[in-house]
Structures are given as C-alpha cells and as structure tokens.
>>> print(open('entry_19.tsv').read())   # TSV, C-alpha atoms and all ligand atoms
chain	number	residue	atom	x	y	z
U	1	MET	CA	152.72	101.58	79.48
U	2	ASN	CA	149.43	102.47	77.73
U	3	LYS	CA	147.76	102.85	81.12
U	4	LEU	CA	150.52	105.22	82.21
U	5	VAL	CA	150.05	107.39	79.12
U	6	LEU	CA	146.29	107.47	79.75
U	7	VAL	CA	146.73	108.52	83.38
U	8	ALA	CA	149.24	111.20	82.37
U	9	ALA	CA	146.85	112.48	79.69
U	10	MET	CA	143.96	112.60	82.20
U	11	LEU	CA	146.13	114.61	84.57
U	12	ILE	CA	147.47	117.00	81.94
U	13	MET	CA	144.33	117.66	79.89
U	14	PRO	CA	142.38	119.62	82.51
U	15	MET	CA	145.48	121.73	83.15
U	16	VAL	CA	145.80	122.43	79.46
U	17	GLN	CA	142.15	123.47	79.27
U	18	ALA	CA	142.40	125.55	82.39
U	19	MET	CA	145.46	127.32	81.09
U	20	ASN	CA	143.79	128.67	78.03
U	21	SER	CA	144.68	126.17	75.37
U	22	ARG	CA	148.45	126.42	75.53
U	23	SER	CA	150.03	123.30	74.04
U	24	VAL	CA	151.51	120.59	76.25
U	25	ILE	CA	154.95	121.50	74.88
U	26	ASP	CA	154.41	125.15	75.92
U	27	LEU	CA	153.32	124.01	79.37
U	28	ILE	CA	156.30	121.73	79.82
U	29	ASN	CA	158.61	124.51	78.63
U	30	TRP	CA	156.98	126.92	81.02
U	31	PHE	CA	157.34	124.62	84.01
U	32	THR	CA	160.94	123.68	83.21
U	33	LYS	CA	162.38	126.99	82.04
U	34	SER	CA	162.55	130.30	83.78
U	35	GLU	CA	161.57	132.61	80.94
U	36	PRO	CA	157.83	133.08	80.76
U	37	CYS	CA	157.77	136.22	78.58
U	38	MET	CA	154.44	135.24	77.11
U	39	GLN	CA	152.53	138.49	77.43
U	40	ARG	CA	151.11	138.34	73.92
U	41	LYS	CA	150.65	134.59	73.62
U	42	ILE	CA	148.12	133.80	76.27
U	43	HIS	CA	144.59	134.91	76.88
U	44	HIS	CA	144.52	136.90	80.09
U	45	ASP	CA	141.87	137.78	82.55
U	46	PRO	CA	141.95	141.58	82.73
U	47	VAL	CA	140.57	143.37	85.72
U	48	GLY	CA	137.13	144.73	84.85
U	49	THR	CA	137.67	148.29	86.00
U	50	LYS	CA	138.32	151.70	84.50
U	51	VAL	CA	139.76	153.14	87.68
U	52	PHE	CA	141.95	151.87	90.49
U	53	LYS	CA	141.43	153.59	93.81
U	54	GLY	CA	144.19	153.59	96.35
U	55	PRO	CA	143.52	153.40	100.09
U	56	LYS	CA	142.59	156.35	102.24
U	57	ILE	CA	145.61	157.27	104.29
U	58	ASP	CA	145.37	159.66	107.25
U	59	GLY	CA	141.89	160.76	106.14
U	60	ARG	CA	143.31	162.12	102.88
U	61	LYS	CA	141.58	161.71	99.53
U	62	ARG	CA	142.17	158.42	97.75
U	63	LYS	CA	144.51	158.41	94.80
U	64	THR	CA	142.62	157.37	91.67
U	65	TYR	CA	144.30	155.94	88.58
U	66	PHE	CA	142.43	156.03	85.26
U	67	VAL	CA	143.09	153.04	83.01
U	68	GLN	CA	144.04	153.91	79.41
U	69	LYS	CA	144.89	150.43	78.14
U	70	CYS	CA	146.38	147.06	79.03
U	71	ILE	CA	150.05	146.95	78.01
U	72	GLY	CA	151.03	143.49	79.16
U	73	ALA	CA	149.57	140.39	80.72
U	74	GLY	CA	151.50	137.43	82.02
U	75	LEU	CA	150.46	134.52	84.21
U	76	GLU	CA	150.86	136.47	87.41
U	77	ASN	CA	150.39	140.14	86.54
U	78	GLN	CA	148.68	142.58	84.25
U	79	ALA	CA	150.31	145.90	83.42
U	80	TYR	CA	148.20	148.94	82.51
U	81	LEU	CA	148.94	152.35	81.15
U	82	VAL	CA	147.11	154.72	83.52
U	83	ARG	CA	146.85	158.43	84.25
U	84	ASP	CA	146.87	159.80	87.78
U	85	GLY	CA	143.86	161.99	86.96
U	86	PRO	CA	140.95	162.14	84.50
U	87	THR	CA	142.42	164.58	81.98
U	88	LYS	CA	144.94	164.25	79.16
U	89	ASN	CA	147.29	166.53	81.10
U	90	ASP	CA	147.53	164.09	84.00
U	91	THR	CA	150.69	162.03	84.25
U	92	LEU	CA	151.02	158.71	82.47
U	93	LEU	CA	152.12	155.89	84.74
U	94	CYS	CA	152.40	152.12	84.60
U	95	LEU	CA	150.13	150.24	87.02
U	96	LYS	CA	150.80	146.56	87.63
U	97	VAL	CA	148.24	144.29	89.32
U	98	GLY	CA	149.13	140.82	90.57
U	99	ASN	CA	147.95	138.02	92.82
U	100	ASP	CA	151.23	137.17	94.48
U	101	VAL	CA	151.90	139.12	97.65
U	102	GLY	CA	155.53	137.92	97.90
U	103	GLY	CA	156.42	139.03	94.37
U	104	TRP	CA	154.65	142.35	94.92
U	105	GLU	CA	156.50	143.09	98.16
U	106	TYR	CA	159.82	142.11	96.61
U	107	GLU	CA	159.42	144.33	93.53
U	108	ARG	CA	158.06	147.21	95.62
U	109	ASP	CA	161.02	147.14	97.99
U	110	PHE	CA	163.55	146.55	95.22
U	111	LEU	CA	162.32	149.59	93.28
U	112	ARG	CA	161.99	151.71	96.41
U	113	GLU	CA	165.53	150.95	97.41
U	114	ARG	CA	166.80	151.95	93.97
U	115	ALA	CA	164.63	155.08	93.75
U	116	ASP	CA	166.36	158.19	92.47
U	117	LYS	CA	165.69	160.10	95.61
U	118	GLN	CA	163.79	158.87	98.63
U	119	CYS	CA	162.39	160.58	101.64
U	120	ALA	CA	164.47	159.62	104.65
U	121	LYS	CA	161.34	159.62	106.82
U	122	CYS	CA	158.65	157.76	104.82
U	123	SER	CA	160.95	156.10	102.21
U	124	LYS	CA	158.69	157.17	99.34
U	125	SER	CA	160.15	158.33	96.03
U	126	VAL	CA	160.34	162.05	95.51
U	127	ASP	CA	161.25	164.13	92.49
U	128	LYS	CA	164.88	165.15	92.05
U	129	ASP	CA	163.95	168.83	92.58
U	130	ASP	CA	161.72	168.35	95.62
U	131	GLU	CA	162.97	170.00	98.77
U	132	GLN	CA	159.96	168.87	100.77
U	133	CYS	CA	158.51	165.37	100.65
U	134	PRO	CA	155.06	165.54	98.96
U	135	HIS	CA	153.97	162.43	100.90
U	136	CYS	CA	154.79	163.28	104.51
U	137	GLY	CA	156.04	166.86	104.38
U	138	HIS	CA	159.54	165.96	105.61
U	139	THR	CA	162.28	168.48	104.84
U	140	GLY	CA	165.99	168.20	105.35
U	141	ASP	CA	169.18	167.29	103.57
U	142	ASP	CA	169.18	163.61	104.50
U	143	TRP	CA	167.66	162.31	101.25
U	144	LYS	CA	168.62	158.75	100.54
U	145	LYS	CA	171.26	158.63	97.81
U	146	ILE	CA	170.70	157.36	94.31
U	147	THR	CA	172.12	153.86	93.75
U	148	PRO	CA	174.17	153.20	90.55
U	149	SER	CA	171.47	151.23	88.74
U	150	ALA	CA	168.54	153.41	89.91
U	151	PRO	CA	168.22	155.56	86.76
U	152	TYR	CA	167.49	152.43	84.71
U	153	PHE	CA	164.61	151.07	86.79
U	154	PRO	CA	161.15	152.67	87.05
U	155	ARG	CA	160.62	154.76	90.16
U	156	ILE	CA	157.80	153.53	92.31
U	157	HIS	CA	154.98	156.00	93.04
U	158	ASP	CA	152.42	153.95	94.92
U	159	ALA	CA	151.81	150.43	96.24
U	160	PHE	CA	148.56	149.18	97.73
U	161	GLU	CA	146.28	146.20	98.20
U	162	TRP	CA	143.17	146.33	96.03
U	163	LYS	CA	139.90	144.40	96.06
U	164	ASP	CA	138.76	143.25	92.63
U	165	LYS	CA	134.98	143.74	92.84
U	166	ASN	CA	134.49	141.75	89.61
U	167	ARG	CA	136.12	138.73	91.24
U	168	ASP	CA	134.17	138.56	94.47
U	169	GLY	CA	136.44	141.11	96.07
U	170	ALA	CA	139.57	138.98	95.51
U	171	LEU	CA	142.59	140.68	97.02
U	172	LYS	CA	145.16	141.87	94.46
U	173	TYR	CA	148.36	143.80	94.79
U	174	VAL	CA	149.10	146.99	92.90
U	175	LEU	CA	152.31	148.82	92.06
U	176	VAL	CA	152.32	152.20	90.36
U	177	MET	CA	155.55	153.18	88.67
U	178	ASP	CA	157.06	155.35	85.92
U	179	PHE	CA	155.77	154.51	82.48
U	180	PHE	CA	158.60	154.17	79.98
U	181	GLU	CA	157.06	156.06	77.11
U	182	GLY	CA	158.30	155.23	73.63
U	183	PHE	CA	160.24	152.17	74.85
U	184	LYS	CA	159.81	148.71	73.35
U	185	THR	CA	160.71	145.40	74.94
U	186	LEU	CA	164.02	144.13	73.55
U	187	LYS	CA	162.08	141.42	71.74
U	188	ASP	CA	159.75	143.91	70.01
U	189	PHE	CA	162.67	146.22	69.32
U	190	VAL	CA	164.48	143.47	67.39
U	191	ALA	CA	161.26	142.40	65.63
U	192	SER	CA	160.64	146.00	64.51
U	193	TYR	CA	163.65	145.83	62.14
U	194	ALA	CA	162.44	143.67	59.24
U	195	ALA	CA	165.95	143.47	57.83
U	196	GLY	CA	167.54	142.97	61.25
U	197	VAL	CA	168.95	145.56	63.67
U	198	PRO	CA	171.79	147.42	61.89
U	199	PRO	CA	175.10	145.98	63.20
U	200	ALA	CA	176.43	149.24	64.66
U	201	LEU	CA	173.13	149.85	66.48
U	202	ALA	CA	173.01	146.25	67.76
U	203	GLN	CA	176.48	146.75	69.28
U	204	ARG	CA	175.40	149.98	70.99
U	205	VAL	CA	172.27	148.35	72.45
U	206	LEU	CA	174.23	145.34	73.71
U	207	THR	CA	176.93	147.59	75.18
U	208	GLU	CA	174.29	149.58	77.07
U	209	ILE	CA	172.64	146.41	78.41
U	210	VAL	CA	176.03	145.10	79.56
U	211	ARG	CA	176.99	148.48	81.09
U	212	ILE	CA	173.74	148.64	83.10
U	213	THR	CA	174.15	145.01	84.19
U	214	ALA	CA	177.66	145.83	85.43
U	215	LEU	CA	176.27	148.77	87.43
U	216	MET	CA	173.55	146.58	88.91
U	217	HIS	CA	176.07	143.91	89.91
U	218	THR	CA	178.27	146.46	91.73
U	219	GLU	CA	175.47	147.05	94.26
U	220	MET	CA	175.61	144.77	97.27
U	221	VAL	CA	172.42	143.75	99.04
U	222	THR	CA	172.15	142.27	102.49
U	223	THR	CA	169.28	140.00	103.39
U	224	ILE	CA	168.46	138.61	106.81
U	225	ARG	CA	166.49	135.39	106.92
U	226	LYS	CA	165.20	133.27	109.74
U	227	ARG	CA	167.04	130.00	109.99
U	228	ARG	CA	166.82	127.21	112.52
U	229	GLY	CA	168.76	128.38	115.54
U	230	GLY	CA	168.91	132.06	114.58
U	231	MET	CA	169.13	134.58	111.78
U	232	LYS	CA	171.27	134.25	108.68
U	233	THR	CA	172.73	137.34	107.04
U	234	THR	CA	173.80	137.14	103.40
U	235	THR	CA	175.43	139.86	101.33
U	236	LYS	CA	175.31	139.37	97.56
U	237	PRO	CA	175.53	141.46	94.41
U	238	LEU	CA	172.21	142.84	93.24
U	239	CYS	CA	170.84	140.54	90.53
U	240	HIS	CA	167.74	140.65	88.37
U	241	ALA	CA	167.18	136.89	88.02
U	242	ASP	CA	164.51	137.14	85.31
U	243	TYR	CA	166.49	139.17	82.82
U	244	HIS	CA	164.68	138.03	79.70
U	245	GLU	CA	163.95	139.99	76.52
U	246	CYS	CA	160.55	141.28	77.73
U	247	ASN	CA	162.00	142.70	80.94
U	248	ILE	CA	164.50	144.89	79.10
U	249	MET	CA	163.15	147.96	77.32
U	250	VAL	CA	164.88	149.87	74.54
U	251	LYS	CA	164.32	153.24	72.91
U	252	ILE	CA	166.30	155.22	70.37
U	253	ASP	CA	165.96	158.81	71.45
U	254	ASN	CA	167.45	161.40	69.07
U	255	GLY	CA	170.00	158.83	67.98
U	256	GLN	CA	170.87	157.92	71.59
U	257	VAL	CA	170.33	154.34	72.80
U	258	GLN	CA	168.31	154.22	76.02
U	259	VAL	CA	167.84	150.99	77.97
U	260	ARG	CA	165.59	150.40	80.96
U	261	VAL	CA	164.99	147.36	83.15
U	262	ILE	CA	161.67	146.23	84.66
U	263	ASP	CA	160.24	143.34	86.67
U	264	PRO	CA	163.03	142.21	89.02
U	265	HIS	CA	162.25	138.77	90.41
U	266	MET	CA	162.50	137.56	93.99
U	267	PRO	CA	164.97	134.74	94.68
U	268	SER	CA	163.63	131.24	94.07
U	269	THR	CA	165.07	127.89	93.08
U	270	MET	CA	163.88	128.48	89.50
U	271	LYS	CA	165.24	132.02	89.45
U	272	PRO	CA	168.45	132.06	91.49
U	273	HIS	CA	170.16	135.32	92.23
U	274	ASN	CA	173.66	135.06	90.89
U	275	LYS	CA	175.59	137.16	88.43
U	276	TYR	CA	176.16	134.36	85.97
U	277	THR	CA	172.42	133.65	85.50
U	278	ASP	CA	171.97	137.29	84.48
U	279	MET	CA	175.00	136.97	82.17
U	280	VAL	CA	173.54	133.89	80.42
U	281	PHE	CA	170.47	136.04	79.64
U	282	VAL	CA	172.77	138.79	78.34
U	283	ALA	CA	174.46	136.29	75.97
U	284	LYS	CA	170.96	135.41	74.67
U	285	HIS	CA	170.31	139.11	74.08
U	286	ALA	CA	173.55	139.35	72.10
U	287	VAL	CA	172.42	136.55	69.79
U	288	MET	CA	168.85	137.90	69.60
U	289	LEU	CA	170.18	141.28	68.46
U	290	SER	CA	171.59	139.52	65.38
U	291	CYS	CA	168.22	137.90	64.52
U	292	ARG	CA	165.46	139.09	62.27
U	293	GLY	CA	161.81	138.19	61.85
U	294	ASN	CA	158.69	138.36	63.95
U	295	ASN	CA	159.84	135.92	66.55
U	296	PRO	CA	163.43	136.77	67.46
U	297	LYS	CA	163.27	134.55	70.54
U	298	ASP	CA	162.76	131.40	68.47
U	299	GLU	CA	165.35	132.62	65.96
U	300	MET	CA	167.84	133.13	68.78
U	301	LYS	CA	167.35	129.55	69.96
U	302	GLU	CA	167.62	128.15	66.45
U	303	ALA	CA	170.72	130.19	65.57
U	304	VAL	CA	173.57	127.94	64.43
U	305	ILE	CA	176.61	129.02	66.43
U	306	ASN	CA	179.09	128.52	63.60
U	307	GLU	CA	176.95	130.60	61.26
U	308	LEU	CA	176.83	133.68	63.51
U	309	PRO	CA	178.92	136.71	62.49
U	310	THR	CA	182.51	135.89	63.51
U	311	GLY	CA	182.72	138.74	66.02
U	312	LEU	CA	179.49	137.69	67.72
U	313	ARG	CA	180.60	134.05	67.90
U	314	ARG	CA	183.81	135.18	69.60
U	315	TYR	CA	181.80	137.38	71.94
U	316	ILE	CA	179.51	134.57	73.12
U	317	HIS	CA	182.42	132.12	73.42
U	318	GLU	CA	184.20	134.71	75.58
U	319	ALA	CA	181.04	135.48	77.59
U	320	LEU	CA	180.00	131.89	78.36
U	321	GLY	CA	183.37	130.12	78.13
U	322	ALA	CA	184.39	128.44	74.84
U	323	SER	CA	185.02	125.11	76.59
U	324	ASN	CA	181.40	125.04	77.80
U	325	PHE	CA	180.23	125.01	74.19
U	326	ASP	CA	182.27	121.83	73.60
U	327	GLU	CA	181.00	120.26	76.81
U	328	ALA	CA	177.39	121.03	75.82
U	329	LYS	CA	178.07	119.77	72.28
U	330	ALA	CA	176.33	122.96	71.24
U	331	LEU	CA	175.57	123.38	67.55
U	332	LYS	CA	172.49	125.55	67.89
U	333	PHE	CA	172.43	128.34	70.45
U	334	LYS	CA	169.58	126.64	72.36
U	335	ASP	CA	171.95	123.74	73.07
U	336	ILE	CA	173.75	126.06	75.48
U	337	SER	CA	171.25	128.84	76.25
U	338	ASP	CA	168.64	126.37	77.55
U	339	LYS	CA	171.06	124.86	80.06
U	340	ASN	CA	170.11	125.33	83.68
U	341	GLU	CA	171.77	124.98	87.09
U	342	ALA	CA	172.26	121.25	86.53
U	343	PHE	CA	174.72	122.09	83.73
U	344	TRP	CA	176.31	125.34	84.92
U	345	GLY	CA	176.62	124.19	88.53
U	346	ARG	CA	178.34	120.89	87.65
U	347	LYS	CA	182.10	120.45	87.32
U	348	ASN	CA	183.68	120.02	83.90
U	349	SER	CA	186.37	117.51	82.88
U	350	GLU	CA	188.97	119.73	84.59
U	351	ASN	CA	187.02	119.66	87.84
U	352	ILE	CA	186.01	123.30	87.60
U	353	LYS	CA	182.38	124.37	87.88
U	354	ARG	CA	181.21	125.35	84.42
U	355	HIS	CA	179.77	128.69	85.51
U	356	LYS	CA	183.24	129.78	86.59
U	357	TYR	CA	184.00	130.37	82.91
U	358	ILE	CA	181.13	132.83	82.54
U	359	LYS	CA	182.56	136.34	82.45
U	360	SER	CA	181.30	139.25	84.52
U	361	ALA	CA	179.39	142.16	83.01
U	362	ASP	CA	182.35	144.39	83.77
U	363	ASP	CA	184.70	142.12	81.75
U	364	MET	CA	182.25	141.95	78.86
U	365	HIS	CA	181.81	145.71	78.88
U	366	LYS	CA	185.58	146.11	78.50
U	367	TYR	CA	185.53	143.46	75.75
U	368	LEU	CA	182.84	145.33	73.79
U	369	ARG	CA	184.74	148.59	74.01
U	370	GLN	CA	187.83	146.90	72.62
U	371	ASN	CA	186.05	144.83	69.95
U	372	LEU	CA	183.95	147.03	67.75
U	373	GLY	CA	181.80	145.65	64.95
U	374	ILE	CA	181.00	142.27	66.51
U	375	PHE	CA	177.70	142.17	64.57
U	376	ASN	CA	179.31	142.89	61.22
U	377	ALA	CA	178.89	140.06	58.72
L	401	LIG	N1	157.26	150.73	83.61
L	401	LIG	C1	156.84	150.29	82.42
L	401	LIG	N2	156.83	151.10	81.34
L	401	LIG	C2	156.40	150.65	80.13
L	401	LIG	N3	155.96	149.39	79.90
L	401	LIG	C3	155.96	148.53	80.95
L	401	LIG	C4	156.39	148.92	82.25
L	401	LIG	N4	156.27	147.88	83.09
L	401	LIG	C5	155.77	146.87	82.35
L	401	LIG	N5	155.58	147.23	81.07
L	401	LIG	C6	155.05	146.39	79.97
L	401	LIG	O1	154.20	145.39	80.53
L	401	LIG	C7	154.78	144.09	80.33
L	401	LIG	C8	154.52	143.24	81.57
L	401	LIG	O2	155.08	143.86	82.72
L	401	LIG	P1	156.01	143.08	83.76
L	401	LIG	O3	156.34	144.02	84.87
L	401	LIG	O4	157.18	142.50	83.02
L	401	LIG	O5	155.01	141.97	84.29
L	401	LIG	P2	155.08	140.37	84.33
L	401	LIG	O6	155.47	140.07	85.74
L	401	LIG	O7	153.71	139.94	83.98
L	401	LIG	O8	156.13	139.91	83.34
L	401	LIG	C9	156.26	144.34	80.01
L	401	LIG	O9	156.84	143.31	79.24
L	401	LIG	C10	156.18	145.65	79.27
L	401	LIG	O10	155.81	145.43	77.92
L	402	MG	MG	158.00	140.64	82.89
>>> encode(input="entry_19.tsv", output="structure tokens")
Amino acid sequence: MNKLVLVAAMLIMPMVQAMNSRSVIDLINWFTKSEPCMQRKIHHDPVGTKVFKGPKIDGRKRKTYFVQKCIGAGLENQAYLVRDGPTKNDTLLCLKVGNDVGGWEYERDFLRERADKQCAKCSKSVDKDDEQCPHCGHTGDDWKKITPSAPYFPRIHDAFEWKDKNRDGALKYVLVMDFFEGFKTLKDFVASYAAGVPPALAQRVLTEIVRITALMHTEMVTTIRKRRGGMKTTTKPLCHADYHECNIMVKIDNGQVQVRVIDPHMPSTMKPHNKYTDMVFVAKHAVMLSCRGNNPKDEMKEAVINELPTGLRRYIHEALGASNFDEAKALKFKDISDKNEAFWGRKNSENIKRHKYIKSADDMHKYLRQNLGIFNA
C-alpha cells in the first residue's frame, strides 16, 4: 500500500509542479469535472507581443491588432482586449489565442454560422447595414439569414494561424470577435453584489439566460462524420456544452438586463452536446444567483437545498426533477450539480433514465413567467 502511495505521489508531483502549483484536489477536480472556469486562479503564460498581425491575403495589407490588456487566461486560451488600429478611435475587439486547432476551428465555424449577417460568397461577417461585403466586394440580396441565437454570441471578425516568436515560432490559433464592453461574467456579476443580487433582478437575469438557451436549442445542426463503411449524418439541437458561469456574460444597461454567451465547446466525451447538460448548468446559475460573497461558485455548491428560498427550491426541483434529488440523496446542491453522465444517463428505480426528468429551456421559460419572485426570501 505504502509503495503504491509513493508511486502515485511520484507520478502526480511533477504534474502539480508543471501546472503552476495548483493543489492535487484542484487537479483531480479539473480532470473529473467539465467546468474549468479558472481564468483568475492560475498563472498563465501570456503571449509576449503588443501586436498580432494577421496573414497577407491577396497581396493586401495585413490586419494588425494592438493589445490593450489580457482579459482572461485559461489552460487552453488567452483572451485579450485589442484595437484594430493604433489610436483610441479604433474599434475595441476581443482576440483569443489558443493552442488547440480543433477547438479553434469549432468555435470559428460555430460563431460564423450564427453571425448576424454573412456574405453569401466568402461567409465572413458583415455589418447589418452593409450592402457590399467589405471582405470580398460581393453585392446582392442573398445574405445569409440571422439565426435565433446569433444576437447573443460575439460576431467573428477574423481567424488566422499565428506564429508566437517568443516561443520558437510555435503555431497558435487566433480568433477576433466582438468585445462585450461593460459585461461581466455571471460569476463576477453575482460577486459584485456584496449583499447578494436583488431578488427581482436575479429573476430577470435567470429568465434571460433561460430564454436565450431556449432560442439556442431551437436551432438544429447537422454534422457529417466519417464512420467505418461510410458517412454518418446527425441532426441535433444546437448546444453550448460548456455553459458555465464564466462563459455567460451579463450587463445591466439602462435598467435592461443583457446576457451574452461566449466560448462554445466542441463535442467531446467530457462535454457532450445535449440539451439537458446545458440545463444542468442553468440550474447551477439559478442557485448561484441567490448566493453572495466573493466566490459564488463555491457558495452555489455548498448551498443547502432545503435552506434556499422556497420559490428557488421549487424551481430547481422542477428543472432537474424532484425525484432525482431523492435518488442523489442531495442535501447540498453539489450533491446533485456535480453529477455527471454516470448519474443522469442511468435508469432510476422506475426504469426511466434520470435525465428524462430534466425540463427543457422552453418549459422553464414558461415556468419563470408564471412564477414570479422565486428568489424572494
Ligand atoms: N467577446 C468577449 N467580450 C468580452 N470578454 C470576453 C470575450 N470573450 C472572452 N472574454 C473574457 O475572457 C475570458 C476567457 O475567454 P473564453 O473565450 O471563455 O476562453 P477560455 O476558452 O480560456 O475559457 C472570459 O471568461 C471573459 O471574461
Ligand atoms: Mg471560457
């Protein structure tokens, strides 16, 4: 036994050191759960540049982006606030640099396909008022139509491969998109209210998140994949799959609640694309909106279900299926919110898969409109 512990320690320690002194518990959590959201916690390795230069296309001048500051750094990507020119009058944009070509291509195509208005010829995003494509000069009335969830995602402006000269020319992948000015991540939004988000405001934010999720889930996407013996076509609702509290942005604009969504994740075994996975995240957001303190994520996990405001308890029972709470023997919210496929995909005592009790965003949107004041004490 002692030998086993020693071998495990020898294997884990270098990883711990290499991953910038995160604790073993953090590492285990990171490997087993699908919610990294650790932009502020870890030391990151920023790119050592003040400008990002795009490629030369058709002999035209390169696009140059001027870095203002780093706004987020995860394990895979760094996000920067940039301007598309050297002066203060140039447009602010968000530039994201990553190492993973698959994730980059997925996000690029996802955002392109949602773009407000796209050129039918080159598929690049164009402004609503443009009658001629600024990228390829195309004119015509065959602009690709806006999709229902498009207004809530950033529009993509540029995507290119980039050599990081400070890292021996390592190849990185860049996306340039709208910068959501004045927005905070849902987590920071909650933390910014020392006394907790006022109940009426919390309900409006949750309703907007649920409404946008319902819009997203109405869009159907078809993927074609190579399979042994041919191609497989699948049509599924559009899902986010990594719908955590740092990928949802909130702003109160002249009293109006605005919500935006960033960082859609490509399908993987850890991050499956199904509506109920997104809806489990939304239930977490509901509980988080009732929390206070600097670390609303931990508070959300520690929340005692029976001590939540009555309306909120009813909401999460409705959203995730009251019987599932009994099956999970859930006292604290983490007892149910940390459950993964192994729990939701398994059948309950009535031989029904547990996720079947999870309600759709559309149902929960109706519920919220009929049940006001769920956050009231
Ligand atoms: N379009 C944007 N507008 C404003 N802030 C953004 C935008 N995109 C990303 N951010 C900020 O950068 C952080 C990291 O970006 P994200 O795309 O989520 O990368 P990662 O894949 O590392 O999670 C976000 O949590 C958010 O704070
Ligand atoms: Mg993210």
>>> atom_distance(input="entry_19.tsv", atom1="atom CA of U:Arg260", atom2="atom CA of U:Met279")
16.4 Å
>>> atom_distance(input="entry_19.tsv", atom1="atom CA of U:Ile262", atom2="atom CA of U:Thr223")
21.2 Å
>>> residues_near_ligand(input="entry_19.tsv", ligand="ligand LIG 401 (chain L)", cutoff="6 Å", atoms="all atoms listed in the file", output="ChimeraX atom specification")
/U:71-74,76-79,94,154,177-180,185,246-247,262-263
>>> residues_around(input="entry_19.tsv", residues="U:Glu181", least_positions_apart="5", cutoff="10 Å", atoms="all atoms listed in the file", output="ChimeraX atom specification")
/U:81,92-94,251
>>> closest_residue(input="entry_19.tsv", among="U:Ala195, U:Leu289, U:Cys133, U:Leu175", to="U:Glu245", atoms="all atoms listed in the file")
U:Leu289
>>> closest_residue(input="entry_19.tsv", among="U:Tyr243, U:Ala120, U:Asn89, U:Gly59", to="U:Gly137", atoms="all atoms listed in the file")
U:Ala120
>>> closest_residue(input="entry_19.tsv", among="U:Pro151, U:Gly345, U:Pro134, U:Gly98", to="ligand MG 402 (chain L)", atoms="only C-alpha atoms and all ligand atoms")
U:Gly98
>>> closest_residue(input="entry_19.tsv", among="U:Thr269, U:Asn306, U:Asn254, U:Ser360", to="U:Leu320", atoms="only C-alpha atoms")
U:Ser360
>>> atom_distance(input="entry_19.tsv", atom1="atom CA of U:Gly48", atom2="atom CA of U:Ala159")
19.4 Å
>>> residues_near_point(input="entry_19.tsv", point="(153.6, 149.5, 97.0)", cutoff="9 Å", atoms="only C-alpha atoms", output="MDAnalysis selection string")
chainID U and resid 104:105 107:109 112 156:161 173:176
>>> closest_residue(input="entry_19.tsv", among="U:Asp130, U:Asp363, U:Glu302, U:Asp242", to="ligand MG 402 (chain L)", atoms="all atoms listed in the file")
U:Asp242
>>> closest_residue(input="entry_19.tsv", among="U:Lys69, U:Arg155, U:His273, U:Arg62", to="U:Asp127", atoms="only C-alpha atoms")
U:Arg155
>>> residues_around(input="entry_19.tsv", residues="U:Ser349", least_positions_apart="4", cutoff="10 Å", atoms="only C-alpha atoms", output="ChimeraX atom specification")
/U:323,327,353-354
>>> residues_around(input="entry_19.tsv", residues="U:Pro199", least_positions_apart="4", cutoff="12 Å", atoms="all atoms listed in the file", output="PDB file with C-alpha atoms, in the coordinates of the input")
ATOM      1  CA  VAL U 190     164.480 143.470  67.390  1.00  0.00           C
ATOM      2  CA  TYR U 193     163.650 145.830  62.140  1.00  0.00           C
ATOM      3  CA  ALA U 195     165.950 143.470  57.830  1.00  0.00           C
ATOM      4  CA  GLN U 203     176.480 146.750  69.280  1.00  0.00           C
ATOM      5  CA  ARG U 204     175.400 149.980  70.990  1.00  0.00           C
ATOM      6  CA  VAL U 205     172.270 148.350  72.450  1.00  0.00           C
ATOM      7  CA  LEU U 206     174.230 145.340  73.710  1.00  0.00           C
ATOM      8  CA  ALA U 286     173.550 139.350  72.100  1.00  0.00           C
ATOM      9  CA  VAL U 287     172.420 136.550  69.790  1.00  0.00           C
ATOM     10  CA  LEU U 289     170.180 141.280  68.460  1.00  0.00           C
ATOM     11  CA  SER U 290     171.590 139.520  65.380  1.00  0.00           C
ATOM     12  CA  CYS U 291     168.220 137.900  64.520  1.00  0.00           C
ATOM     13  CA  ARG U 292     165.460 139.090  62.270  1.00  0.00           C
ATOM     14  CA  PRO U 309     178.920 136.710  62.490  1.00  0.00           C
ATOM     15  CA  GLY U 311     182.720 138.740  66.020  1.00  0.00           C
ATOM     16  CA  LEU U 312     179.490 137.690  67.720  1.00  0.00           C
ATOM     17  CA  LEU U 372     183.950 147.030  67.750  1.00  0.00           C
ATOM     18  CA  GLY U 373     181.800 145.650  64.950  1.00  0.00           C
ATOM     19  CA  ILE U 374     181.000 142.270  66.510  1.00  0.00           C
ATOM     20  CA  PHE U 375     177.700 142.170  64.570  1.00  0.00           C
ATOM     21  CA  ASN U 376     179.310 142.890  61.220  1.00  0.00           C
ATOM     22  CA  ALA U 377     178.890 140.060  58.720  1.00  0.00           C
TER      23      ALA U 377
END
